[in-house]
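Have a look at input08.csv below; it lists CSV, C-alpha atoms.
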chain,number,residue,atom,x,y,z
C,1,MET,CA,127.5,98.2,149.0
C,2,ILE,CA,128.3,95.2,151.1
C,3,LEU,CA,125.2,95.8,153.2
C,4,LYS,CA,123.1,95.9,150.1
C,5,GLN,CA,124.5,92.6,148.9
C,6,ALA,CA,123.9,91.0,152.2
C,7,LEU,CA,120.3,92.2,152.2
C,8,VAL,CA,119.8,90.7,148.8
C,9,VAL,CA,121.2,87.4,149.8
C,10,THR,CA,119.0,87.3,152.9
C,11,ILE,CA,115.9,88.0,150.9
C,12,SER,CA,116.8,85.4,148.3
C,13,LEU,CA,117.3,82.7,151.0
C,14,GLY,CA,114.0,83.6,152.6
C,15,LEU,CA,112.1,83.3,149.3
C,16,ALA,CA,113.8,80.0,148.6
C,17,GLY,CA,112.8,78.6,152.0
C,18,LEU,CA,109.3,79.8,151.6
C,19,ALA,CA,109.1,78.1,148.2
C,20,ALA,CA,110.4,74.9,149.6
C,21,CYS,CA,107.8,74.9,152.4
C,22,ASN,CA,105.1,75.5,149.8
C,23,ARG,CA,106.3,72.6,147.8
C,24,SER,CA,106.6,70.1,150.7
C,25,GLY,CA,103.5,71.2,152.5
C,26,PRO,CA,100.9,69.2,150.5
C,27,ALA,CA,103.1,66.1,150.3
C,28,ALA,CA,103.9,66.3,154.0
C,29,ALA,CA,100.2,66.8,154.8
C,30,GLU,CA,99.3,63.8,152.6
C,31,ALA,CA,102.0,61.7,154.2
C,32,ASN,CA,100.8,62.5,157.7
C,33,ALA,CA,97.1,62.0,156.8
C,34,ASP,CA,95.4,58.9,158.2
C,35,PRO,CA,95.3,56.1,155.7
C,36,ALA,CA,92.0,55.3,154.1
C,37,PRO,CA,90.0,52.7,156.1
C,38,ALA,CA,90.3,49.2,154.7
C,39,SER,CA,87.1,47.7,153.3
C,40,LEU,CA,85.3,45.7,155.9
C,41,ALA,CA,85.0,41.9,155.3
C,42,PRO,CA,81.4,40.6,155.2
C,43,ALA,CA,80.2,39.2,158.4
C,44,PRO,CA,80.1,35.4,158.5
C,45,PRO,CA,76.5,34.0,158.3
C,46,PRO,CA,75.0,33.0,161.7
C,47,THR,CA,75.1,29.4,162.7
C,48,PHE,CA,72.4,27.4,164.5
C,49,ASN,CA,72.5,24.1,166.3
C,50,LEU,CA,70.4,21.0,165.8
C,51,ASN,CA,70.7,19.3,169.2
C,52,ALA,CA,71.2,15.6,169.8
C,53,GLY,CA,67.8,13.9,170.2
C,54,VAL,CA,66.0,15.9,167.5
C,55,GLN,CA,63.7,13.7,165.6
C,56,ILE,CA,64.1,13.6,161.8
C,57,PRO,CA,60.9,12.3,160.0
C,58,VAL,CA,61.6,11.6,156.3
C,59,ARG,CA,59.8,9.9,153.4
C,60,LEU,CA,61.7,7.4,151.2
C,61,GLN,CA,62.2,8.3,147.6
C,62,GLU,CA,62.6,4.7,146.4
C,63,THR,CA,61.3,1.2,147.4
C,64,LEU,CA,63.5,-0.9,149.6
C,65,ASP,CA,62.9,-4.7,149.8
C,66,THR,CA,64.8,-7.5,151.6
C,67,ARG,CA,64.5,-9.6,148.4
C,68,SER,CA,66.7,-7.2,146.5
C,69,SER,CA,68.3,-4.7,148.9
C,70,ARG,CA,71.6,-5.4,150.6
C,71,ALA,CA,73.6,-3.9,153.4
C,72,GLY,CA,75.5,-0.9,152.1
C,73,ASP,CA,72.9,0.1,149.5
C,74,ARG,CA,72.2,3.8,149.7
C,75,PHE,CA,68.8,5.5,149.7
C,76,THR,CA,67.4,9.0,149.5
C,77,ALA,CA,64.6,10.6,151.4
C,78,VAL,CA,63.0,14.0,151.9
C,79,LEU,CA,62.3,15.7,155.2
C,80,ASP,CA,58.6,15.4,156.1
C,81,GLU,CA,58.6,18.1,158.8
C,82,PRO,CA,60.9,21.2,159.2
C,83,LEU,CA,63.6,21.0,161.8
C,84,VAL,CA,64.0,23.9,164.2
C,85,SER,CA,67.0,25.3,166.1
C,86,GLY,CA,67.9,23.9,169.5
C,87,ASP,CA,69.2,27.4,170.6
C,88,GLN,CA,67.2,30.1,172.3
C,89,ALA,CA,65.3,30.9,169.1
C,90,GLY,CA,63.8,27.5,169.1
C,91,ASP,CA,61.0,28.5,166.7
C,92,ARG,CA,63.4,29.3,163.9
C,93,VAL,CA,63.3,26.8,161.0
C,94,ILE,CA,66.8,25.5,160.3
C,95,VAL,CA,66.1,22.7,157.8
C,96,PRO,CA,62.9,23.2,155.8
C,97,LYS,CA,60.5,20.5,154.9
C,98,GLY,CA,61.5,18.9,151.6
C,99,ALA,CA,65.3,19.0,152.3
C,100,LEU,CA,67.1,16.0,150.7
C,101,PHE,CA,68.6,13.4,153.1
C,102,PHE,CA,70.9,10.5,152.3
C,103,GLY,CA,71.3,7.2,154.1
C,104,HIS,CA,72.3,3.6,153.7
C,105,ILE,CA,71.1,0.1,154.7
C,106,THR,CA,73.1,-1.2,157.6
C,107,GLU,CA,71.5,-4.7,157.5
C,108,ALA,CA,69.2,-6.6,155.1
C,109,LYS,CA,68.3,-10.2,155.4
C,110,PRO,CA,65.6,-12.0,153.5
C,111,SER,CA,63.2,-14.3,155.2
C,112,GLY,CA,63.8,-18.1,155.2
C,113,ARG,CA,61.3,-20.3,153.7
C,114,PHE,CA,60.2,-22.1,156.9
C,115,LYS,CA,62.0,-20.2,159.6
C,116,GLY,CA,63.8,-16.9,160.3
C,117,ARG,CA,62.5,-13.4,159.9
C,118,ALA,CA,63.4,-10.9,157.3
C,119,ILE,CA,65.2,-7.8,158.7
C,120,MET,CA,66.1,-4.4,157.4
C,121,ALA,CA,67.9,-1.6,159.2
C,122,LEU,CA,68.5,1.9,158.0
C,123,THR,CA,70.4,5.0,159.1
C,124,LEU,CA,70.9,8.5,157.9
C,125,ASP,CA,74.3,9.9,156.8
C,126,SER,CA,73.8,13.4,155.6
C,127,PHE,CA,71.6,16.1,154.2
C,128,GLN,CA,71.9,19.0,151.7
C,129,LEU,CA,70.9,22.6,152.4
C,130,ASN,CA,71.8,25.8,150.4
C,131,GLY,CA,74.4,24.0,148.3
C,132,GLN,CA,76.2,22.5,151.4
C,133,THR,CA,76.3,18.9,152.6
C,134,TYR,CA,76.1,18.3,156.4
C,135,GLN,CA,77.1,15.0,157.9
C,136,VAL,CA,74.8,13.5,160.5
C,137,SER,CA,74.8,10.6,162.9
C,138,SER,CA,71.4,9.1,163.6
C,139,THR,CA,69.8,6.1,165.2
C,140,SER,CA,68.9,3.1,163.1
C,141,SER,CA,65.4,2.2,162.1
C,142,VAL,CA,64.9,-1.5,162.2
C,143,ARG,CA,62.0,-3.4,160.5
C,144,LEU,CA,61.3,-7.1,161.1
C,145,SER,CA,58.9,-9.3,159.2
C,146,ARG,CA,56.3,-11.2,161.2
C,147,GLY,CA,57.3,-14.6,162.2
C,148,HIS,CA,55.8,-17.3,160.0
C,149,LYS,CA,56.5,-20.4,162.0
C,150,LYS,CA,53.0,-20.6,163.4
C,151,ARG,CA,51.5,-19.7,160.0
C,152,ASN,CA,53.4,-22.6,158.4
C,153,TRP,CA,52.2,-25.0,161.1
C,154,PHE,CA,48.7,-23.7,160.5
C,155,TRP,CA,49.0,-24.4,156.8
C,156,ILE,CA,50.5,-27.8,157.3
C,157,GLY,CA,48.0,-28.8,160.1
C,158,GLY,CA,45.1,-27.2,158.4
C,159,GLY,CA,45.9,-29.0,155.1
C,160,ALA,CA,46.2,-32.3,156.9
C,161,GLY,CA,43.0,-31.8,158.8
C,162,GLY,CA,41.2,-30.6,155.7
C,163,GLY,CA,42.4,-33.6,153.7
C,164,ALA,CA,41.3,-36.0,156.4
C,165,ALA,CA,37.9,-34.4,156.6
C,166,ILE,CA,37.4,-34.4,152.9
C,167,GLY,CA,38.6,-38.1,152.6
C,168,GLY,CA,36.4,-39.2,155.5
C,169,ALA,CA,33.4,-37.5,154.1
C,170,ALA,CA,34.0,-39.1,150.7
C,171,ALA,CA,34.8,-42.8,151.6
C,172,GLY,CA,35.2,-43.5,155.2
C,173,GLY,CA,38.2,-44.5,157.3
C,174,PRO,CA,40.8,-45.8,154.9
C,175,ALA,CA,40.1,-43.0,152.5
C,176,ALA,CA,40.4,-40.6,155.4
C,177,LEU,CA,44.0,-41.7,156.0
C,178,ILE,CA,44.8,-41.2,152.3
C,179,GLY,CA,43.1,-37.9,152.4
C,180,ALA,CA,45.1,-36.9,155.5
C,181,GLY,CA,48.4,-37.7,153.8
C,182,ALA,CA,47.4,-35.8,150.7
C,183,GLY,CA,46.3,-32.9,152.8
C,184,ALA,CA,49.5,-32.8,154.7
C,185,ALA,CA,51.5,-32.7,151.4
C,186,ALA,CA,49.3,-30.0,150.1
C,187,GLY,CA,49.7,-28.0,153.3
C,188,THR,CA,53.5,-28.3,153.1
C,189,VAL,CA,53.6,-27.0,149.6
C,190,GLY,CA,51.3,-24.1,150.6
C,191,ALA,CA,53.7,-23.2,153.4
C,192,ALA,CA,56.7,-23.4,151.1
C,193,VAL,CA,55.0,-21.1,148.5
C,194,THR,CA,53.4,-18.5,150.8
C,195,GLY,CA,55.5,-18.9,154.0
C,196,LYS,CA,58.4,-16.5,153.0
C,197,ARG,CA,57.7,-13.0,154.4
C,198,GLN,CA,59.8,-10.0,153.5
C,199,VAL,CA,60.3,-6.5,154.6
C,200,GLN,CA,59.2,-4.0,151.9
C,201,LEU,CA,59.3,-0.3,152.4
C,202,PRO,CA,57.5,1.4,149.4
C,203,THR,CA,58.3,4.8,148.1
C,204,GLU,CA,56.9,7.6,150.4
C,205,THR,CA,57.2,5.3,153.5
C,206,ARG,CA,57.6,7.6,156.5
C,207,ILE,CA,60.5,6.8,158.8
C,208,THR,CA,61.6,8.7,161.9
C,209,PHE,CA,65.2,8.8,163.0
C,210,LYS,CA,66.8,10.5,165.9
C,211,LEU,CA,69.9,12.7,165.8
C,212,LEU,CA,72.7,11.2,167.9
C,213,SER,CA,75.1,14.2,167.9
C,214,PRO,CA,74.5,17.9,167.4
C,215,VAL,CA,74.9,19.5,163.9
C,216,GLN,CA,75.9,23.1,163.3
C,217,VAL,CA,74.1,24.6,160.3
C,218,SER,CA,74.9,27.9,158.6
C,219,GLY,CA,71.9,30.2,158.5

Turn this file's structure into structure tokens for me.
Amino acid sequence: MILKQALVVTISLGLAGLAACNRSGPAAAEANADPAPASLAPAPPPTFNLNAGVQIPVRLQETLDTRSSRAGDRFTAVLDEPLVSGDQAGDRVIVPKGALFFGHITEAKPSGRFKGRAIMALTLDSFQLNGQTYQVSSTSSVRLSRGHKKRNWFWIGGGAGGGAAIGGAAAGGPAALIGAGAGAAAGTVGAAVTGKRQVQLPTETRITFKLLSPVQVSG
């Protein structure tokens, strides 16, 4: 009787252990399984370098004039030729033709009436590409008006000479002197009216700048 009871207890314990193993098996296997791989982050876009010294030809999108433009005024321009990478893949277009560039006037001085040249200096500040703005440092483009001192003297001297010749031809010596004075006055007025020369850069004027420091551009 005792032996029979012991056998029953032993079988019951064995069945209970087997059931426990069956219950814990899937959970244990799931716990010991390798975790699911995390989703991979997208690779960053490649970057390319525009090296210092690259030439940047642009065309102005507005007219600049020393009569109205001042230092600090901003301007826009579009790239006239594509810029390529300075890396090994040098034939890859990094900034396409037509990209929008921004710059400002660093110096603007109108011409004097009888002396002094008009001057205008420009530089580039940035450009836009694929919704991003890239800062740039470029050389300055400087434009000077032609000197007009000789031209003024030509008008003054020419007016005086012309007045003397006309007066002499009309009435001789005394009239020639009067004619010379009148001619000199007329020559001076002509110089005052026409002597001022300005720097004017119309829309679509092509200007070439040079990059002073490299720029890294996302591809």

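One distance worth recording is that between CA of Ala108 (chain C) and CA of Ser69 (chain C), which is 6.5 Å.
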
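Counting from CA of Val215 (chain C), the distance to CA of Met120 (chain C) is 26.3 Å.
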
Contacts between region 121-139 of chain C and region 45-103 of chain C, please, where a residue of region 45-103 of chain C counts if it comes within 6 Å (with all atoms listed in the file); show its shortest atom pair and distance in Å to one decimal, rows by chain and ascending number, as a tab-separated table.
residue	atom	partner	partner_atom	distance
C:Leu100	CA	C:Phe127	CA	5.7
C:Phe101	CA	C:Phe127	CA	4.2
C:Phe102	CA	C:Ser126	CA	5.3
C:Gly103	CA	C:Leu124	CA	4.0

Non-local contacts of Gln216 (chain C) (8 Å; only C-alpha atoms; under 4 positions in same chain excluded) as a PyMOL selection string
chain C and resi 47-50

Nearest to Ser218 (chain C): which of C:Leu60, C:Leu144, C:Ile94, C:Ile105 is it, counting only C-alpha atoms?
C:Ile94

Name the closest residue to Ser140 (chain C) among the candidates C:Ala43, C:Leu83, C:Lys210, C:Ala77; distances are taken between atoms, counting all atoms listed in the file.
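That would be C:Lys210, the residue with the smallest distance to Ser140 (chain C).
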
Around (63.4, 15.9, 160.9), as given in the file, which residues come within 7 Å? Count all atoms listed in the file and list them as a PyMOL selection string.
chain C and resi 55-58+79-83

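As for CA of Val142 (chain C) and CA of Gln61 (chain C), they are spaced 17.8 Å apart.
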